[in-house]
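Raw contents of protein14.pdb, PDB, C-alpha atoms and all ligand atoms:
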```pdb
ATOM      1  CA  MET A 709       0.000   0.000   0.000  1.00  0.00           C
ATOM      2  CA  VAL A 710       1.417   3.319  -1.054  1.00  0.00           C
ATOM      3  CA  GLY A 711       1.229   6.028   1.518  1.00  0.00           C
ATOM      4  CA  VAL A 712      -0.278   9.418   0.955  1.00  0.00           C
ATOM      5  CA  LEU A 713       2.103  11.852  -0.681  1.00  0.00           C
ATOM      6  CA  VAL A 714       2.558  15.214   0.910  1.00  0.00           C
ATOM      7  CA  LYS A 715       4.349  18.153  -0.567  1.00  0.00           C
ATOM      8  CA  CYS A 716       7.354  19.357   1.347  1.00  0.00           C
ATOM      9  CA  SER A 717       7.096  23.071   1.849  1.00  0.00           C
ATOM     10  CA  LYS A 718      10.848  23.511   1.671  1.00  0.00           C
ATOM     11  CA  CYS A 719      12.022  21.594  -1.363  1.00  0.00           C
ATOM     12  CA  GLY A 720       8.642  21.026  -2.998  1.00  0.00           C
ATOM     13  CA  LYS A 721       9.165  17.307  -3.296  1.00  0.00           C
ATOM     14  CA  HIS A 722       6.287  14.948  -2.736  1.00  0.00           C
ATOM     15  CA  VAL A 723       7.134  12.546   0.003  1.00  0.00           C
ATOM     16  CA  GLU A 724       5.243   9.890   1.892  1.00  0.00           C
ATOM     17  CA  ALA A 725       3.183  11.302   4.693  1.00  0.00           C
ATOM     18  CA  SER A 726       4.733   8.872   7.131  1.00  0.00           C
ATOM     19  CA  THR A 727       8.153  10.395   6.578  1.00  0.00           C
ATOM     20  CA  ILE A 728       7.329  14.049   6.933  1.00  0.00           C
ATOM     21  CA  ILE A 729       8.080  16.217   9.894  1.00  0.00           C
ATOM     22  CA  ILE A 730       5.569  18.816  10.895  1.00  0.00           C
ATOM     23  CA  GLY A 731       7.241  21.728  12.535  1.00  0.00           C
ATOM     24  CA  LYS A 732       6.094  25.003  13.944  1.00  0.00           C
ATOM     25  CA  ASN A 733       3.177  26.709  12.208  1.00  0.00           C
ATOM     26  CA  LYS A 734       2.378  23.328  10.629  1.00  0.00           C
ATOM     27  CA  VAL A 735       5.245  23.694   8.210  1.00  0.00           C
ATOM     28  CA  ILE A 736       5.695  20.364   6.515  1.00  0.00           C
ATOM     29  CA  THR A 737       9.221  19.312   5.705  1.00  0.00           C
ATOM     30  CA  CYS A 738      10.553  16.077   4.393  1.00  0.00           C
ATOM     31  CA  ARG A 739      13.244  14.151   6.212  1.00  0.00           C
ATOM     32  CA  ASN A 740      15.834  15.367   3.812  1.00  0.00           C
ATOM     33  CA  CYS A 741      15.183  19.022   4.506  1.00  0.00           C
ATOM     34  CA  ASN A 742      14.926  18.428   8.193  1.00  0.00           C
ATOM     35  CA  SER A 743      18.209  16.626   8.508  1.00  0.00           C
ATOM     36  CA  GLN A 744      19.905  19.339   6.536  1.00  0.00           C
ATOM     37  CA  SER A 745      18.737  22.220   8.640  1.00  0.00           C
ATOM     38  CA  ASN A 746      19.226  20.785  12.076  1.00  0.00           C
ATOM     39  CA  PRO A 747      22.669  19.295  12.552  1.00  0.00           C
ATOM     40  CA  ALA A 748      24.484  22.334  11.266  1.00  0.00           C
ATOM     41  CA  GLN A 749      24.653  23.706  14.771  1.00  0.00           C
ATOM     42  CA  ASP A 750      25.694  20.473  16.387  1.00  0.00           C
ATOM     43  CA  ASN A 751      28.374  19.662  13.875  1.00  0.00           C
ATOM     44  CA  LYS A 752      30.208  22.910  14.338  1.00  0.00           C
ATOM     45  CA  PRO A 753      33.752  22.081  15.275  1.00  0.00           C
ATOM     46  CA  LYS A 754      34.355  23.170  18.788  1.00  0.00           C
ATOM     47  CA  ILE A 755      37.246  25.532  18.911  1.00  0.00           C
ATOM     48  CA  PRO A 756      38.735  25.570  22.364  1.00  0.00           C
ATOM     49  CA  PRO A 757      39.069  29.104  23.616  1.00  0.00           C
ATOM     50  CA  LYS A 758      42.531  30.493  23.338  1.00  0.00           C
ATOM     51  CA  GLU A 759      44.065  31.918  26.406  1.00  0.00           C
ATOM     52  CA  LYS A 760      46.817  34.415  26.615  1.00  0.00           C
ATOM     53  CA  TYR A 761      49.940  33.651  28.494  1.00  0.00           C
ATOM     54  CA  GLU A 762      52.974  35.618  29.315  1.00  0.00           C
ATOM     55  CA  CYS A 763      56.461  34.502  30.054  1.00  0.00           C
ATOM     56  CA  VAL A 764      57.644  35.834  33.371  1.00  0.00           C
ATOM     57  CA  ASP A 765      61.274  35.652  32.365  1.00  0.00           C
ATOM     58  CA  CYS A 766      61.342  37.282  28.942  1.00  0.00           C
ATOM     59  CA  GLY A 767      57.923  38.914  28.810  1.00  0.00           C
ATOM     60  CA  TYR A 768      56.945  37.126  25.642  1.00  0.00           C
ATOM     61  CA  LYS A 769      53.198  37.012  25.192  1.00  0.00           C
ATOM     62  CA  PHE A 770      51.559  34.160  23.397  1.00  0.00           C
ATOM     63  CA  SER A 771      48.161  32.559  23.147  1.00  0.00           C
ATOM     64  CA  ARG A 772      47.474  28.900  23.497  1.00  0.00           C
ATOM     65  CA  THR A 773      44.420  26.802  23.858  1.00  0.00           C
ATOM     66  CA  SER A 774      44.020  25.855  27.462  1.00  0.00           C
ATOM     67  CA  GLU A 775      44.017  22.225  26.400  1.00  0.00           C
ATOM     68  CA  SER A 776      47.496  22.439  25.050  1.00  0.00           C
ATOM     69  CA  ARG A 777      50.171  20.899  27.201  1.00  0.00           C
ATOM     70  CA  LEU A 778      52.631  23.426  25.886  1.00  0.00           C
ATOM     71  CA  ALA A 779      50.730  26.233  27.536  1.00  0.00           C
ATOM     72  CA  SER A 780      53.028  26.112  30.510  1.00  0.00           C
ATOM     73  CA  ARG A 781      56.167  26.704  28.504  1.00  0.00           C
ATOM     74  CA  CYS A 782      57.364  29.865  26.833  1.00  0.00           C
ATOM     75  CA  PRO A 783      57.824  29.274  23.090  1.00  0.00           C
ATOM     76  CA  TYR A 784      60.479  31.958  22.979  1.00  0.00           C
ATOM     77  CA  CYS A 785      62.872  31.110  25.771  1.00  0.00           C
ATOM     78  CA  SER A 786      61.416  27.757  26.880  1.00  0.00           C
ATOM     79  CA  SER A 787      60.973  29.064  30.360  1.00  0.00           C
ATOM     80  CA  LEU A 788      58.496  27.246  32.515  1.00  0.00           C
ATOM     81  CA  ARG A 789      57.655  30.376  34.435  1.00  0.00           C
ATOM     82  CA  VAL A 790      54.611  31.236  32.410  1.00  0.00           C
ATOM     83  CA  ARG A 791      51.439  32.685  33.739  1.00  0.00           C
ATOM     84  CA  PRO A 792      48.115  33.719  32.287  1.00  0.00           C
ATOM     85  CA  TYR A 793      48.225  37.141  30.761  1.00  0.00           C
ATOM     86  CA  VAL A 794      45.396  39.268  32.017  1.00  0.00           C
ATOM     87  CA  GLY A 795      46.060  42.343  29.942  1.00  0.00           C
ATOM     88  CA  ARG A 796      47.772  44.564  32.416  1.00  0.00           C
ATOM     89  CA  THR A 797      50.277  47.127  31.368  1.00  0.00           C
ATOM     90  CA  ALA A 798      53.917  46.314  31.120  1.00  0.00           C
ATOM     91  CA  ASN A 799      54.674  48.573  34.061  1.00  0.00           C
ATOM     92  CA  ASP A 800      52.282  46.724  36.320  1.00  0.00           C
ATOM     93  CA  LEU A 801      53.890  43.453  35.415  1.00  0.00           C
ATOM     94  CA  LEU A 802      57.371  44.787  35.979  1.00  0.00           C
ATOM     95  CA  ASN A 803      56.386  46.004  39.419  1.00  0.00           C
ATOM     96  CA  GLU A 804      54.940  42.642  40.282  1.00  0.00           C
ATOM     97  CA  ILE A 805      58.003  40.795  39.172  1.00  0.00           C
ATOM     98  CA  ASP A 806      60.156  43.092  41.288  1.00  0.00           C
ATOM     99  CA  GLU A 807      58.077  42.385  44.346  1.00  0.00           C
ATOM    100  CA  VAL A 808      58.475  38.654  43.926  1.00  0.00           C
TER
HETATM  101 ZN    ZN A 901      12.025  18.754   1.514  1.00  0.00          ZN
HETATM  102 ZN    ZN A 902      60.185  33.449  27.754  1.00  0.00          ZN
END
```
Any chance you could put this one into structure tokens?
Amino acid sequence: MVGVLVKCSKCGKHVEASTIIIGKNKVITCRNCNSQSNPAQDNKPKIPPKEKYECVDCGYKFSRTSESRLASRCPYCSSLRVRPYVGRTANDLLNEIDEV
């Protein structure tokens, strides 16, 4: 038994009524259209947020993803004394280093 054909309001194709998806405002879409519009948001590659770091020894500023294991090492002088850079002025940082 052939099912009732319903016109998809997105692509205009006639599809079996059992396969349609009725969305908001009774908008009828076929499976094809529905699967195309939905996963776009889920499939977005997650880009880990980059964080800024600063080398305490040489003052070199660099940004790394927090997931990176190299985040704790200065790419310039290989110093391990690296800390998150919070955007303070160079003078503030110099004063802090002097106090330590
Ligand atoms: Zn469609
Ligand atoms: Zn350094």
For the point (4.5, 11.6, 4.5) in file coordinates, what residues are within 10 Å, counting all atoms listed in the file? Give the answer as an MDAnalysis selection string? chainID A and resid 711:716 722:730 736:739
Let me see if you get this right: every residue at most 10 Å from ligand ZN 902 (chain A), counting only C-alpha atoms and all ligand atoms, written as a PDB file with C-alpha atoms, in the coordinates of the input.
```pdb
ATOM      1  CA  GLU A 762      52.974  35.618  29.315  1.00  0.00           C
ATOM      2  CA  CYS A 763      56.461  34.502  30.054  1.00  0.00           C
ATOM      3  CA  VAL A 764      57.644  35.834  33.371  1.00  0.00           C
ATOM      4  CA  ASP A 765      61.274  35.652  32.365  1.00  0.00           C
ATOM      5  CA  CYS A 766      61.342  37.282  28.942  1.00  0.00           C
ATOM      6  CA  GLY A 767      57.923  38.914  28.810  1.00  0.00           C
ATOM      7  CA  TYR A 768      56.945  37.126  25.642  1.00  0.00           C
ATOM      8  CA  LYS A 769      53.198  37.012  25.192  1.00  0.00           C
ATOM      9  CA  PHE A 770      51.559  34.160  23.397  1.00  0.00           C
ATOM     10  CA  ARG A 781      56.167  26.704  28.504  1.00  0.00           C
ATOM     11  CA  CYS A 782      57.364  29.865  26.833  1.00  0.00           C
ATOM     12  CA  PRO A 783      57.824  29.274  23.090  1.00  0.00           C
ATOM     13  CA  TYR A 784      60.479  31.958  22.979  1.00  0.00           C
ATOM     14  CA  CYS A 785      62.872  31.110  25.771  1.00  0.00           C
ATOM     15  CA  SER A 786      61.416  27.757  26.880  1.00  0.00           C
ATOM     16  CA  SER A 787      60.973  29.064  30.360  1.00  0.00           C
ATOM     17  CA  LEU A 788      58.496  27.246  32.515  1.00  0.00           C
ATOM     18  CA  ARG A 789      57.655  30.376  34.435  1.00  0.00           C
ATOM     19  CA  VAL A 790      54.611  31.236  32.410  1.00  0.00           C
TER      20      VAL A 790
END
```
Which polymer residues have any atom within 6 Å of an atom of Glu759 (chain A), counting all atoms listed in the file, with same-chain residues fewer than 3 positions away left out, as a PyMOL selection string? chain A and resi 771-773
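Taking all atoms listed in the file into account, ligand ZN 901 (chain A) lies nearest to A:Ser717 out of the set A:Asn733, A:Ser780, A:Ser717, A:Ser743.
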